[in-house]
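**Student:** Input: one structure, supplied below.
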2 protein chains.
Amino acid sequence: MINQKYKEMLNAKNIIRVLSEYATARGEEIGYENVFDYSLGNPSVPCADDYTRAVIDLHEHEDPMAIHGYSPSLGNTSVREAVAASLKKRFGLPYETKHIFMTSGAAGAIAHAVRAVTVPGDEVITFAPFFPEYNPYVNETGAILKVVPPRTEDFQINFTEFEKMMNEKVQAVLINSPNNPSGVVYSEETLERLSMYLETCEKKYGHEIFLISDEPYREIVFDGATVPYPAKYYKNTITCYSFSKSLSLPGERIGYVAVNPAAKDADIIALMCGQISRGIGHNCPSSTPQLAVSRVLDQTSDLSVYETNRNILYKELVDLGFTVVKPGGTFYIFPKALEEDSVAFCNKAKNYDLILVPADGFGAPGYFRMAYCIDTEKVERSLPALRKFVNTEYH
Amino acid sequence: MINQKYKEMLNAKNIIRVLSEYATARGEEIGYENVFDYSLGNPSVPCADDYTRAVIDLHEHEDPMAIHGYSPSLGNTSVREAVAASLKKRFGLPYETKHIFMTSGAAGAIAHAVRAVTVPGDEVITFAPFFPEYNPYVNETGAILKVVPPRTEDFQINFTEFEKMMNEKVQAVLINSPNNPSGVVYSEETLERLSMYLETCEKKYGHEIFLISDEPYREIVFDGATVPYPAKYYKNTITCYSFSKSLSLPGERIGYVAVNPAAKDADIIALMCGQISRGIGHNCPSSTPQLAVSRVLDQTSDLSVYETNRNILYKELVDLGFTVVKPGGTFYIFPKALEEDSVAFCNKAKNYDLILVPADGFGAPGYFRMAYCIDTEKVERSLPALRKFVNTEYH
C-alpha cells in the first residue's frame, strides 16, 4: 500500500513551480522573450570553460575505470583533500581531508548535516525570509523546523524573536548568507552576536548547538565586498556548500559538507555522514563532477551579470517607491509589495507579463521575490512593464 | 549534540571493506598482482566507448546551460522517455515517461521505492543470500527488513520458510536476480510461484504487497540465457535499476525506478518519489550521466570476461570438491566452505593470498563469496593457490 504522506504532498502546489509553468505557457502564446520571468533561481551564465575542459580531458585521457569506478562513500579522497586545502587557504581554518564530505549539492549537504546533529523530535531554528525547501529538508529527518520572523528593516537576524523561541530542544540553527530570497549578506556584527548567543545557550542547556551554514551563494557578492565566513565566528559550524550557483552547475548535483576543525566531534562528523548516506540512498555524488570541480575549485563562472541586474532593478524599484533592502549578493531582490496581500499583488503583475513570486512561503508575507538570473537586456525591457504595472494599479 | 546512532554505526566493521583494505595492504608488501583479491564487486571492464563519446560530445557541442541546468526532480524528461521506450521494447510492458524516476544508482532507487510503499513499522521481506546493504537501505526508512533463510540446493526462493514469515505487516518483498552473492538467476517457475503467492496474500490481507526488484546485474547473464523479467510476472512490481554494472559506471551513480504500468497507483508512484527526494537530499541524479546513458541505453560494456571467469572458477571449484551452484549471471560465485565456520575458512585462505568473503553477513553462514570481476589472467594464476590452500588445509 502506498505511503499516504507522500501521496498527499502531491496536492501541495509549489508556488515557484506553478509560476514558472505559467511563464512557460504564456511564453508559448506571446514568445518567451516577452515574458518577464523572475520566478526561478536557475543560473543564467554558462559554467566556467575550465570545467568543460576538465570533463573532456578526464574522458579523453584518463582510465575510464579510474574516473567511473566507485568513489569512497565520503567522496573521492583527492577531491576532499583539494576542497580542504582550498578552504584552508581562503578562510584560514585548518581544514583537513577528514573534515570534508562530498554531497549531491547543498540539498544533500543539509540532509546529512541535520541528521548528523539531531534526533527525531529535536528542533532546528531558521530565520525568515528563508528558502521554503528547508521545510522538507529538515522535517523529513524527523527534526522540526521553527522559523524566526524577519527583521524587515535590513533582513539581518531578528534576535528579539530568536531569543524567545530558543529552548533546550534546539540542536541546530540553519542560516543562509548571502540569503535566498532577500539577497542580504549577514554582517560581521550579526555573526558575532549569533556566535555569542549560541555559546551562552550551549552552556545554559548543557549541549552543543550546531550552526548549519548553507552557502551556495557565497561567491555571488557585490560592490567588491567580502562575505563573512560563519565558521570563523562560531566553532560548532557545519558549512554546506554547492557549486550550483558559483560554477553554474545546478544539474550536476555537486557540493560538500565542511566541518569546522574546531567543532565538537569534528573528526567523526564526516564519517557519520558516510553512515547516514547508506540509509538515504546517497552513496556519494557522481564521480565525474567530483573530479572536474576539484580542478576548478577557486574559479567561478562570470558572475558579473548579476551585479549589473541588481543595480538596474534596485534603482528602478526605489524610484517607483518600493521599500526594498539593497541586496549584497545572490541573484534575488526582495521588495515589499504595494499592497498587503502579496499574492494579489503578484497576480496583478501577471497581467503585465511580470512573473514575481509572493513571499508567504518564504516566511515573509507582504513581500515578493524577483530572481534576476536572466539576461540584462531582458531586465531592461521589463522596466517599462514594471512602471506601467505600478502606475496603473497603485498610483 | 551529534546523533549517537550514526556514531555507533562507525564501530560496525564492513567485512568486505576490511578484506579489501587487507588486500591493498598485502599488495603493498608483495605486489598487488600477487594478491588474488576476490573481495569487491567493482566492474573490471571499461565503460562502453559510446558512453565516453556521448559525454565528450555533450560538452563539446551542447549549450552548457542546457546540459548543466537543473533537471526536473523526476529526472530529465527526454531521458525518462527514452528509458520507458527502451523497457517497453525489451520487455513488452507499456511503460510511459510517467512510470520512470531517475535515481542515483540502485541504492537511490531502493531508498525511494521502499519509502513509497511502506510506513515506519511495516515489514519488508528479502531472501538469503542477500546484499548486506539492504539492512541500512530498508531499516533507515523506518521499515523493518526480514530475511528468509536460503534454499541452499539452488538458491531459488525458499517458499516453505517464506510462507512462515509472511504476515499482514509485510508491505513489500525485495528480490535481486541475477543475485549478489549467489550469481543465481531466478527461474520462470520461481517468479510464477512468487507472483501467485503474493496475489493470494494481497487478497488475504486486503492490501497490495509490492515487489521491489533490484536488477543491477540484469545484463550480466551467461550461456546465452535470458533473465526472466519480474515485472512481467507480477503487476505490483517496482523495478530498481542501475547502470553501474552493465555500463561499468558505478561512480557515476545513475539508475532508475520503473513502475509497472499495471501496478496499483502506477501513475503516481514516480511522482511520489519526487516528493520523497526532497526530504532525503536526492533532488535527481547528475544531469550529464542522465543525458549520456540515454544515448546508450541498449548497450553494455564488453561483459564477456565475467562468463570466461565463471567457467574457469566453477570447473576448478567442482574439481576441488566444493559444493557450488553454477552462477547463471553476475560476477559472483558462492560455494560452501570446506568447514562449518566460513570466517575461519576465509582467514586460512588469506595465508595463500586468496581474499574470499565469508557469507555470514549475506544471511548464509558457512558459504563464501568470490567476486570474479578481475582479469582472467589473474583468475588463472589464482588456481594453483586455491589448489594448494584446499589440499594443504582440508585433504
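So you can find residues: chains in the C-alpha cells are A, B, ... in the order shown, residues in each start at 1, and ligands are numbered from 1 in order.
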Could you give me, as JSON lines, every chain A residue with an atom at most 6 Å from chain B, plus its closest atom pair and distance in Å to one decimal, counting only C-alpha atoms, rows ordered by chain then number?

**Tutor:**
{"residue": "A:Met1", "atom": "CA", "partner": "B:Glu208", "partner_atom": "CA", "distance": 5.1}
{"residue": "A:Ile2", "atom": "CA", "partner": "B:Val117", "partner_atom": "CA", "distance": 4.1}
{"residue": "A:Asn3", "atom": "CA", "partner": "B:Val117", "partner_atom": "CA", "distance": 5.3}
{"residue": "A:Tyr6", "atom": "CA", "partner": "B:Met272", "partner_atom": "CA", "distance": 5.5}
{"residue": "A:Lys7", "atom": "CA", "partner": "B:Met272", "partner_atom": "CA", "distance": 5.9}
{"residue": "A:Pro46", "atom": "CA", "partner": "B:Met65", "partner_atom": "CA", "distance": 5.5}
{"residue": "A:Ile56", "atom": "CA", "partner": "B:Ile56", "partner_atom": "CA", "distance": 5.4}
{"residue": "A:Pro64", "atom": "CA", "partner": "B:Pro46", "partner_atom": "CA", "distance": 5.7}
{"residue": "A:Met65", "atom": "CA", "partner": "B:Pro46", "partner_atom": "CA", "distance": 5.5}
{"residue": "A:His68", "atom": "CA", "partner": "B:Gly251", "partner_atom": "CA", "distance": 4.8}
{"residue": "A:Gly69", "atom": "CA", "partner": "B:Gly251", "partner_atom": "CA", "distance": 4.7}
{"residue": "A:Tyr70", "atom": "CA", "partner": "B:Gly251", "partner_atom": "CA", "distance": 4.1}
{"residue": "A:Ser71", "atom": "CA", "partner": "B:Gly251", "partner_atom": "CA", "distance": 5.6}
{"residue": "A:Ala107", "atom": "CA", "partner": "B:Gly281", "partner_atom": "CA", "distance": 4.8}
{"residue": "A:Gly108", "atom": "CA", "partner": "B:Gly281", "partner_atom": "CA", "distance": 4.0}
{"residue": "A:Ala111", "atom": "CA", "partner": "B:Gly281", "partner_atom": "CA", "distance": 5.1}
{"residue": "A:Ala116", "atom": "CA", "partner": "B:Asn3", "partner_atom": "CA", "distance": 5.4}
{"residue": "A:Val117", "atom": "CA", "partner": "B:Ile2", "partner_atom": "CA", "distance": 4.1}
{"residue": "A:Thr118", "atom": "CA", "partner": "B:Asn3", "partner_atom": "CA", "distance": 5.7}
{"residue": "A:Pro136", "atom": "CA", "partner": "B:Gly279", "partner_atom": "CA", "distance": 5.0}
{"residue": "A:Tyr137", "atom": "CA", "partner": "B:Gly279", "partner_atom": "CA", "distance": 4.8}
{"residue": "A:Glu140", "atom": "CA", "partner": "B:Gly279", "partner_atom": "CA", "distance": 4.9}
{"residue": "A:His207", "atom": "CA", "partner": "B:Met1", "partner_atom": "CA", "distance": 5.9}
{"residue": "A:Glu208", "atom": "CA", "partner": "B:Met1", "partner_atom": "CA", "distance": 5.1}
{"residue": "A:Leu249", "atom": "CA", "partner": "B:His68", "partner_atom": "CA", "distance": 5.0}
{"residue": "A:Pro250", "atom": "CA", "partner": "B:Tyr70", "partner_atom": "CA", "distance": 5.1}
{"residue": "A:Gly251", "atom": "CA", "partner": "B:Tyr70", "partner_atom": "CA", "distance": 4.1}
{"residue": "A:Glu252", "atom": "CA", "partner": "B:Ser286", "partner_atom": "CA", "distance": 4.2}
{"residue": "A:Arg253", "atom": "CA", "partner": "B:Ser286", "partner_atom": "CA", "distance": 5.4}
{"residue": "A:Met272", "atom": "CA", "partner": "B:Tyr6", "partner_atom": "CA", "distance": 5.5}
{"residue": "A:Arg278", "atom": "CA", "partner": "B:Pro136", "partner_atom": "CA", "distance": 6.0}
{"residue": "A:Gly279", "atom": "CA", "partner": "B:Tyr137", "partner_atom": "CA", "distance": 4.8}
{"residue": "A:Ile280", "atom": "CA", "partner": "B:Ile280", "partner_atom": "CA", "distance": 5.8}
{"residue": "A:Gly281", "atom": "CA", "partner": "B:Gly108", "partner_atom": "CA", "distance": 4.0}
{"residue": "A:Ser286", "atom": "CA", "partner": "B:Glu252", "partner_atom": "CA", "distance": 4.2}
{"residue": "A:Ser287", "atom": "CA", "partner": "B:Gly251", "partner_atom": "CA", "distance": 5.0}

**Student:** Which value, in Å to one decimal, gives the distance between atom CA of Glu161 of chain A and atom CA of Val184 of chain A?

**Tutor:**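 Atom CA of Val184 of chain A lies at a distance of 18.9 Å from atom CA of Glu161 of chain A.
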
**Student:** In terms of the shortest atom-to-atom distance over only C-alpha atoms, which of B:Val83, B:Ala225, B:Ile175, B:Val148 is closest to Glu163 of chain B?

**Tutor:**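 Selected residue with least distance to Glu163 of chain B: B:Val148.
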
**Student:** Run DSSP on the backbone and grab whatever in segment 79-170 of chain B lands in strand (DSSP E or B); send it over as a count of residues only.

**Tutor:** 15

**Student:** Determine the nearest neighbour of Arg17 of chain B from the options A:Ile312, A:Lys98, A:Lys378, A:Ser73, counting only C-alpha atoms.

**Tutor:**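 Checking each of A:Ile312, A:Lys98, A:Lys378, A:Ser73 against Arg17 of chain B, counting only C-alpha atoms, the winner is A:Ser73.
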
**Student:** Enter the distance from atom CA of Arg369 of chain B to atom CA of Tyr352 of chain B, in Å, rounded to one decimal.

**Tutor:**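 One can read the atom CA of Arg369 of chain B to atom CA of Tyr352 of chain B distance as 16.4 Å.
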
**Student:** Would you mind reading off the distance between atom CA of Ala231 of chain A and atom CA of Phe155 of chain A, one decimal, in Å?

**Tutor:** 20.2 Å

**Student:** List the neighbours of segment 337-350 of chain A out to 10 Å using only C-alpha atoms; skip same-chain residues closer than 2 positions along the sequence, and give me the result as an MDAnalysis selection string.

**Tutor:** chainID A and resid 19 22:23 26 35:37 321:324 334:335 352:360 364:369 385:386 388:390 393:394

**Student:** Print the selection's residues with N, CA and C atoms to a file, as an mmCIF file, in the first residue's frame.

**Tutor:**
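Generated file (again-v2.cif):
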data_model
loop_
_atom_site.group_PDB
_atom_site.id
_atom_site.type_symbol
_atom_site.label_atom_id
_atom_site.label_comp_id
_atom_site.auth_asym_id
_atom_site.auth_seq_id
_atom_site.Cartn_x
_atom_site.Cartn_y
_atom_site.Cartn_z
ATOM 1 N N LEU A 19 4.286 29.223 -10.940
ATOM 2 C CA LEU A 19 4.525 30.463 -11.673
ATOM 3 C C LEU A 19 5.457 30.225 -12.858
ATOM 4 N N TYR A 22 3.471 28.702 -15.518
ATOM 5 C CA TYR A 22 2.636 29.738 -16.136
ATOM 6 C C TYR A 22 3.471 30.547 -17.132
ATOM 7 N N ALA A 23 4.693 30.915 -16.724
ATOM 8 C CA ALA A 23 5.568 31.719 -17.589
ATOM 9 C C ALA A 23 5.875 30.969 -18.883
ATOM 10 N N ARG A 26 2.671 30.955 -20.988
ATOM 11 C CA ARG A 26 2.460 32.297 -21.542
ATOM 12 C C ARG A 26 3.470 32.574 -22.660
ATOM 13 N N VAL A 35 7.972 37.455 -21.951
ATOM 14 C CA VAL A 35 7.523 37.166 -20.583
ATOM 15 C C VAL A 35 8.678 37.527 -19.643
ATOM 16 N N PHE A 36 8.436 38.435 -18.724
ATOM 17 C CA PHE A 36 9.493 38.887 -17.818
ATOM 18 C C PHE A 36 9.491 37.970 -16.601
ATOM 19 N N ASP A 37 10.175 36.836 -16.801
ATOM 20 C CA ASP A 37 10.060 35.708 -15.873
ATOM 21 C C ASP A 37 11.131 35.816 -14.781
ATOM 22 N N GLY A 321 9.165 53.789 -5.746
ATOM 23 C CA GLY A 321 8.604 53.938 -4.408
ATOM 24 C C GLY A 321 8.534 52.671 -3.586
ATOM 25 N N PHE A 322 9.166 51.592 -4.074
ATOM 26 C CA PHE A 322 9.166 50.355 -3.279
ATOM 27 C C PHE A 322 10.056 50.480 -2.041
ATOM 28 N N THR A 323 9.650 49.835 -0.976
ATOM 29 C CA THR A 323 10.518 49.620 0.176
ATOM 30 C C THR A 323 11.344 48.384 -0.135
ATOM 31 N N VAL A 324 12.663 48.543 -0.204
ATOM 32 C CA VAL A 324 13.475 47.399 -0.606
ATOM 33 C C VAL A 324 14.877 47.502 0.005
ATOM 34 N N PHE A 334 14.172 41.489 -2.939
ATOM 35 C CA PHE A 334 13.028 41.091 -2.113
ATOM 36 C C PHE A 334 12.273 42.321 -1.617
ATOM 37 N N PRO A 335 11.541 42.993 -2.525
ATOM 38 C CA PRO A 335 10.850 44.224 -2.112
ATOM 39 C C PRO A 335 9.542 43.930 -1.380
ATOM 40 N N TYR A 352 0.771 42.088 -16.667
ATOM 41 C CA TYR A 352 1.790 42.874 -17.366
ATOM 42 C C TYR A 352 2.953 41.970 -17.796
ATOM 43 N N ASP A 353 2.689 40.667 -17.752
ATOM 44 C CA ASP A 353 3.698 39.655 -18.090
ATOM 45 C C ASP A 353 4.950 39.758 -17.222
ATOM 46 N N LEU A 354 4.719 40.201 -15.993
ATOM 47 C CA LEU A 354 5.782 40.206 -14.975
ATOM 48 C C LEU A 354 5.534 39.020 -14.042
ATOM 49 N N ILE A 355 6.510 38.120 -13.952
ATOM 50 C CA ILE A 355 6.323 36.937 -13.117
ATOM 51 C C ILE A 355 7.131 37.132 -11.830
ATOM 52 N N LEU A 356 6.409 37.473 -10.759
ATOM 53 C CA LEU A 356 7.003 37.764 -9.446
ATOM 54 C C LEU A 356 6.495 36.713 -8.466
ATOM 55 N N VAL A 357 7.299 36.372 -7.468
ATOM 56 C CA VAL A 357 6.917 35.303 -6.544
ATOM 57 C C VAL A 357 6.514 35.889 -5.190
ATOM 58 N N PRO A 358 5.256 35.683 -4.771
ATOM 59 C CA PRO A 358 4.844 36.175 -3.446
ATOM 60 C C PRO A 358 5.572 35.395 -2.355
ATOM 61 N N ALA A 359 5.870 36.064 -1.237
ATOM 62 C CA ALA A 359 6.836 35.520 -0.276
ATOM 63 C C ALA A 359 6.215 34.880 0.947
ATOM 64 N N ASP A 360 4.926 34.544 0.884
ATOM 65 C CA ASP A 360 4.308 33.879 2.038
ATOM 66 C C ASP A 360 5.082 32.614 2.399
ATOM 67 N N ALA A 364 7.717 35.531 4.907
ATOM 68 C CA ALA A 364 7.668 36.998 4.949
ATOM 69 C C ALA A 364 6.477 37.485 4.120
ATOM 70 N N PRO A 365 5.262 37.275 4.626
ATOM 71 C CA PRO A 365 4.064 37.711 3.881
ATOM 72 C C PRO A 365 4.125 39.206 3.616
ATOM 73 N N GLY A 366 3.642 39.609 2.459
ATOM 74 C CA GLY A 366 3.661 41.036 2.124
ATOM 75 C C GLY A 366 4.865 41.421 1.275
ATOM 76 N N TYR A 367 5.810 40.494 1.111
ATOM 77 C CA TYR A 367 6.984 40.750 0.269
ATOM 78 C C TYR A 367 6.902 39.876 -0.979
ATOM 79 N N PHE A 368 7.760 40.151 -1.932
ATOM 80 C CA PHE A 368 7.838 39.272 -3.095
ATOM 81 C C PHE A 368 9.298 39.150 -3.543
ATOM 82 N N ARG A 369 9.589 38.058 -4.272
ATOM 83 C CA ARG A 369 10.960 37.792 -4.722
ATOM 84 C C ARG A 369 11.054 37.928 -6.238
ATOM 85 N N ALA A 385 7.317 47.642 -18.391
ATOM 86 C CA ALA A 385 6.175 46.843 -17.889
ATOM 87 C C ALA A 385 6.005 47.054 -16.388
ATOM 88 N N LEU A 386 7.139 47.105 -15.676
ATOM 89 C CA LEU A 386 7.098 47.319 -14.225
ATOM 90 C C LEU A 386 6.492 48.683 -13.911
ATOM 91 N N LYS A 388 4.546 50.507 -15.840
ATOM 92 C CA LYS A 388 3.135 50.531 -16.235
ATOM 93 C C LYS A 388 2.281 49.830 -15.172
ATOM 94 N N PHE A 389 2.757 48.683 -14.716
ATOM 95 C CA PHE A 389 2.059 47.914 -13.671
ATOM 96 C C PHE A 389 1.833 48.776 -12.428
ATOM 97 N N VAL A 390 2.910 49.380 -11.940
ATOM 98 C CA VAL A 390 2.818 50.155 -10.703
ATOM 99 C C VAL A 390 1.943 51.387 -10.893
ATOM 100 N N GLU A 393 -1.847 50.322 -11.453
ATOM 101 C CA GLU A 393 -2.556 49.628 -10.370
ATOM 102 C C GLU A 393 -2.475 50.364 -9.030
ATOM 103 N N TYR A 394 -1.418 51.146 -8.825
ATOM 104 C CA TYR A 394 -1.186 51.649 -7.456
ATOM 105 C C TYR A 394 -1.044 53.155 -7.341
#

**Student:** Taking 4 positions as the minimum chain separation for residues in the same chain, which residues sit within 9 Å of Met196 of chain B when counting only C-alpha atoms? Answer as an NGL selection string.

**Tutor:** :B and (191-192 or 200-201 or 233-234)

**Student:** Atoms to include: N, CA and C atoms. Write the selected residues as a PDB file, in the first residue's frame.

**Tutor:**
ATOM      1  N   LEU B 191       9.443 -17.205 -10.255  1.00  0.00           N
ATOM      2  CA  LEU B 191       8.710 -15.938 -10.350  1.00  0.00           C
ATOM      3  C   LEU B 191       7.207 -16.169 -10.464  1.00  0.00           C
ATOM      4  N   GLU B 192       6.829 -17.231 -11.160  1.00  0.00           N
ATOM      5  CA  GLU B 192       5.393 -17.539 -11.261  1.00  0.00           C
ATOM      6  C   GLU B 192       4.824 -17.916  -9.883  1.00  0.00           C
ATOM      7  N   THR B 200      -2.229 -14.096  -3.639  1.00  0.00           N
ATOM      8  CA  THR B 200      -3.046 -14.723  -2.590  1.00  0.00           C
ATOM      9  C   THR B 200      -2.956 -13.915  -1.292  1.00  0.00           C
ATOM     10  N   CYS B 201      -1.739 -13.505  -0.950  1.00  0.00           N
ATOM     11  CA  CYS B 201      -1.539 -12.735   0.291  1.00  0.00           C
ATOM     12  C   CYS B 201      -2.219 -11.368   0.201  1.00  0.00           C
ATOM     13  N   TYR B 233       5.756 -10.907 -14.459  1.00  0.00           N
ATOM     14  CA  TYR B 233       5.073 -11.979 -13.749  1.00  0.00           C
ATOM     15  C   TYR B 233       4.141 -11.465 -12.651  1.00  0.00           C
ATOM     16  N   TYR B 234       4.371 -10.206 -12.230  1.00  0.00           N
ATOM     17  CA  TYR B 234       3.623  -9.701 -11.075  1.00  0.00           C
ATOM     18  C   TYR B 234       3.360  -8.222 -11.275  1.00  0.00           C
TER      19      TYR B 234
END

**Student:** To test your reading of the structure, identify every residue in segment 58-103 of chain B that backbone DSSP assigns to helix (DSSP H, G or I), and report it as a PyMOL selection string.

**Tutor:** chain B and resi 58-61+64-68+77-91+97-99

**Student:** The selected residues should be written to file as a PDB file, in the first residue's frame (atoms: N, CA and C atoms).

**Tutor:**
ATOM      1  N   LEU B  58      28.518  15.924 -25.634  1.00  0.00           N
ATOM      2  CA  LEU B  58      27.657  16.848 -24.876  1.00  0.00           C
ATOM      3  C   LEU B  58      28.445  18.093 -24.471  1.00  0.00           C
ATOM      4  N   HIS B  59      29.692  17.889 -24.014  1.00  0.00           N
ATOM      5  CA  HIS B  59      30.484  19.021 -23.525  1.00  0.00           C
ATOM      6  C   HIS B  59      31.079  19.852 -24.653  1.00  0.00           C
ATOM      7  N   GLU B  60      31.309  19.216 -25.814  1.00  0.00           N
ATOM      8  CA  GLU B  60      31.875  19.979 -26.935  1.00  0.00           C
ATOM      9  C   GLU B  60      30.808  20.724 -27.725  1.00  0.00           C
ATOM     10  N   HIS B  61      29.618  20.157 -27.825  1.00  0.00           N
ATOM     11  CA  HIS B  61      28.655  20.696 -28.790  1.00  0.00           C
ATOM     12  C   HIS B  61      27.343  21.198 -28.228  1.00  0.00           C
ATOM     13  N   PRO B  64      26.084  24.656 -22.536  1.00  0.00           N
ATOM     14  CA  PRO B  64      26.337  24.273 -21.134  1.00  0.00           C
ATOM     15  C   PRO B  64      25.143  24.555 -20.220  1.00  0.00           C
ATOM     16  N   MET B  65      24.358  25.580 -20.533  1.00  0.00           N
ATOM     17  CA  MET B  65      23.186  25.873 -19.721  1.00  0.00           C
ATOM     18  C   MET B  65      22.176  24.732 -19.799  1.00  0.00           C
ATOM     19  N   ALA B  66      22.109  24.107 -20.972  1.00  0.00           N
ATOM     20  CA  ALA B  66      21.143  23.017 -21.147  1.00  0.00           C
ATOM     21  C   ALA B  66      21.632  21.747 -20.447  1.00  0.00           C
ATOM     22  N   ILE B  67      22.908  21.431 -20.595  1.00  0.00           N
ATOM     23  CA  ILE B  67      23.351  20.148 -20.015  1.00  0.00           C
ATOM     24  C   ILE B  67      23.597  20.245 -18.509  1.00  0.00           C
ATOM     25  N   HIS B  68      23.931  21.437 -18.002  1.00  0.00           N
ATOM     26  CA  HIS B  68      24.223  21.554 -16.562  1.00  0.00           C
ATOM     27  C   HIS B  68      23.094  22.210 -15.769  1.00  0.00           C
ATOM     28  N   THR B  77      13.192  14.902 -18.683  1.00  0.00           N
ATOM     29  CA  THR B  77      12.030  14.280 -19.338  1.00  0.00           C
ATOM     30  C   THR B  77      12.429  13.438 -20.549  1.00  0.00           C
ATOM     31  N   SER B  78      13.360  13.930 -21.359  1.00  0.00           N
ATOM     32  CA  SER B  78      13.753  13.160 -22.550  1.00  0.00           C
ATOM     33  C   SER B  78      14.437  11.857 -22.147  1.00  0.00           C
ATOM     34  N   VAL B  79      15.146  11.884 -21.036  1.00  0.00           N
ATOM     35  CA  VAL B  79      15.826  10.667 -20.563  1.00  0.00           C
ATOM     36  C   VAL B  79      14.784   9.655 -20.071  1.00  0.00           C
ATOM     37  N   ARG B  80      13.819  10.127 -19.294  1.00  0.00           N
ATOM     38  CA  ARG B  80      12.765   9.232 -18.794  1.00  0.00           C
ATOM     39  C   ARG B  80      11.988   8.619 -19.959  1.00  0.00           C
ATOM     40  N   GLU B  81      11.740   9.438 -20.972  1.00  0.00           N
ATOM     41  CA  GLU B  81      11.023   8.969 -22.158  1.00  0.00           C
ATOM     42  C   GLU B  81      11.827   7.866 -22.858  1.00  0.00           C
ATOM     43  N   ALA B  82      13.128   8.075 -22.978  1.00  0.00           N
ATOM     44  CA  ALA B  82      13.985   7.081 -23.647  1.00  0.00           C
ATOM     45  C   ALA B  82      14.053   5.786 -22.840  1.00  0.00           C
ATOM     46  N   VAL B  83      14.116   5.904 -21.515  1.00  0.00           N
ATOM     47  CA  VAL B  83      14.149   4.706 -20.666  1.00  0.00           C
ATOM     48  C   VAL B  83      12.838   3.929 -20.820  1.00  0.00           C
ATOM     49  N   ALA B  84      11.720   4.653 -20.792  1.00  0.00           N
ATOM     50  CA  ALA B  84      10.410   3.993 -20.933  1.00  0.00           C
ATOM     51  C   ALA B  84      10.322   3.266 -22.273  1.00  0.00           C
ATOM     52  N   ALA B  85      10.780   3.927 -23.332  1.00  0.00           N
ATOM     53  CA  ALA B  85      10.708   3.317 -24.669  1.00  0.00           C
ATOM     54  C   ALA B  85      11.582   2.076 -24.749  1.00  0.00           C
ATOM     55  N   SER B  86      12.769   2.150 -24.159  1.00  0.00           N
ATOM     56  CA  SER B  86      13.681   1.004 -24.186  1.00  0.00           C
ATOM     57  C   SER B  86      13.100  -0.189 -23.425  1.00  0.00           C
ATOM     58  N   LEU B  87      12.539   0.079 -22.250  1.00  0.00           N
ATOM     59  CA  LEU B  87      11.951  -1.018 -21.454  1.00  0.00           C
ATOM     60  C   LEU B  87      10.737  -1.623 -22.170  1.00  0.00           C
ATOM     61  N   LYS B  88       9.937  -0.757 -22.767  1.00  0.00           N
ATOM     62  CA  LYS B  88       8.742  -1.217 -23.474  1.00  0.00           C
ATOM     63  C   LYS B  88       9.141  -2.159 -24.610  1.00  0.00           C
ATOM     64  N   LYS B  89      10.171  -1.751 -25.346  1.00  0.00           N
ATOM     65  CA  LYS B  89      10.634  -2.550 -26.484  1.00  0.00           C
ATOM     66  C   LYS B  89      11.216  -3.879 -26.016  1.00  0.00           C
ATOM     67  N   ARG B  90      11.996  -3.824 -24.935  1.00  0.00           N
ATOM     68  CA  ARG B  90      12.670  -5.053 -24.499  1.00  0.00           C
ATOM     69  C   ARG B  90      11.739  -6.023 -23.807  1.00  0.00           C
ATOM     70  N   PHE B  91      10.827  -5.500 -22.994  1.00  0.00           N
ATOM     71  CA  PHE B  91      10.061  -6.399 -22.129  1.00  0.00           C
ATOM     72  C   PHE B  91       8.566  -6.426 -22.443  1.00  0.00           C
ATOM     73  N   THR B  97       6.643   7.628 -19.918  1.00  0.00           N
ATOM     74  CA  THR B  97       7.526   8.530 -19.181  1.00  0.00           C
ATOM     75  C   THR B  97       7.123   8.636 -17.704  1.00  0.00           C
ATOM     76  N   LYS B  98       5.811   8.688 -17.449  1.00  0.00           N
ATOM     77  CA  LYS B  98       5.320   8.893 -16.079  1.00  0.00           C
ATOM     78  C   LYS B  98       5.658   7.743 -15.131  1.00  0.00           C
ATOM     79  N   HIS B  99       6.075   6.611 -15.658  1.00  0.00           N
ATOM     80  CA  HIS B  99       6.415   5.466 -14.809  1.00  0.00           C
ATOM     81  C   HIS B  99       7.882   5.427 -14.405  1.00  0.00           C
TER      82      HIS B  99
END

**Student:** Given the choices A:Ala266, A:Val318, A:Ala12, A:Leu40, which gets closest to Thr24 of chain A if the distance is worked out from only C-alpha atoms?

**Tutor:** A:Leu40

**Student:** Which residues are close to Tyr186 of chain A, i.e. within 9 Å by only C-alpha atoms, leaving aside same-chain residues fewer than 5 positions away? Reply as a VMD selection string.

**Tutor:** chain A and resid 155 to 157 176 to 179 191 227 to 228 230

**Student:** Would you write out those residues with C-alpha atoms, as a tab-separated table (two decimals), in the first residue's frame?

**Tutor:**
chain	number	residue	atom	x	y	z
A	155	PHE	CA	16.84	41.23	6.91
A	156	GLN	CA	19.62	40.57	9.39
A	157	ILE	CA	18.69	38.25	12.29
A	176	ASN	CA	21.81	31.11	4.63
A	177	SER	CA	24.05	34.08	3.82
A	178	PRO	CA	24.06	35.52	1.17
A	179	ASN	CA	20.37	34.89	1.54
A	191	LEU	CA	27.58	36.65	13.11
A	227	VAL	CA	31.13	37.64	2.70
A	228	PRO	CA	31.94	37.00	6.37
A	230	PRO	CA	30.29	31.94	9.51

**Student:** Leu93 of chain A: which residues within 8 Å, counting only C-alpha atoms, same-chain residues fewer than 6 positions away excluded, as a ChimeraX atom specification?

**Tutor:** /A:87,232,260-261
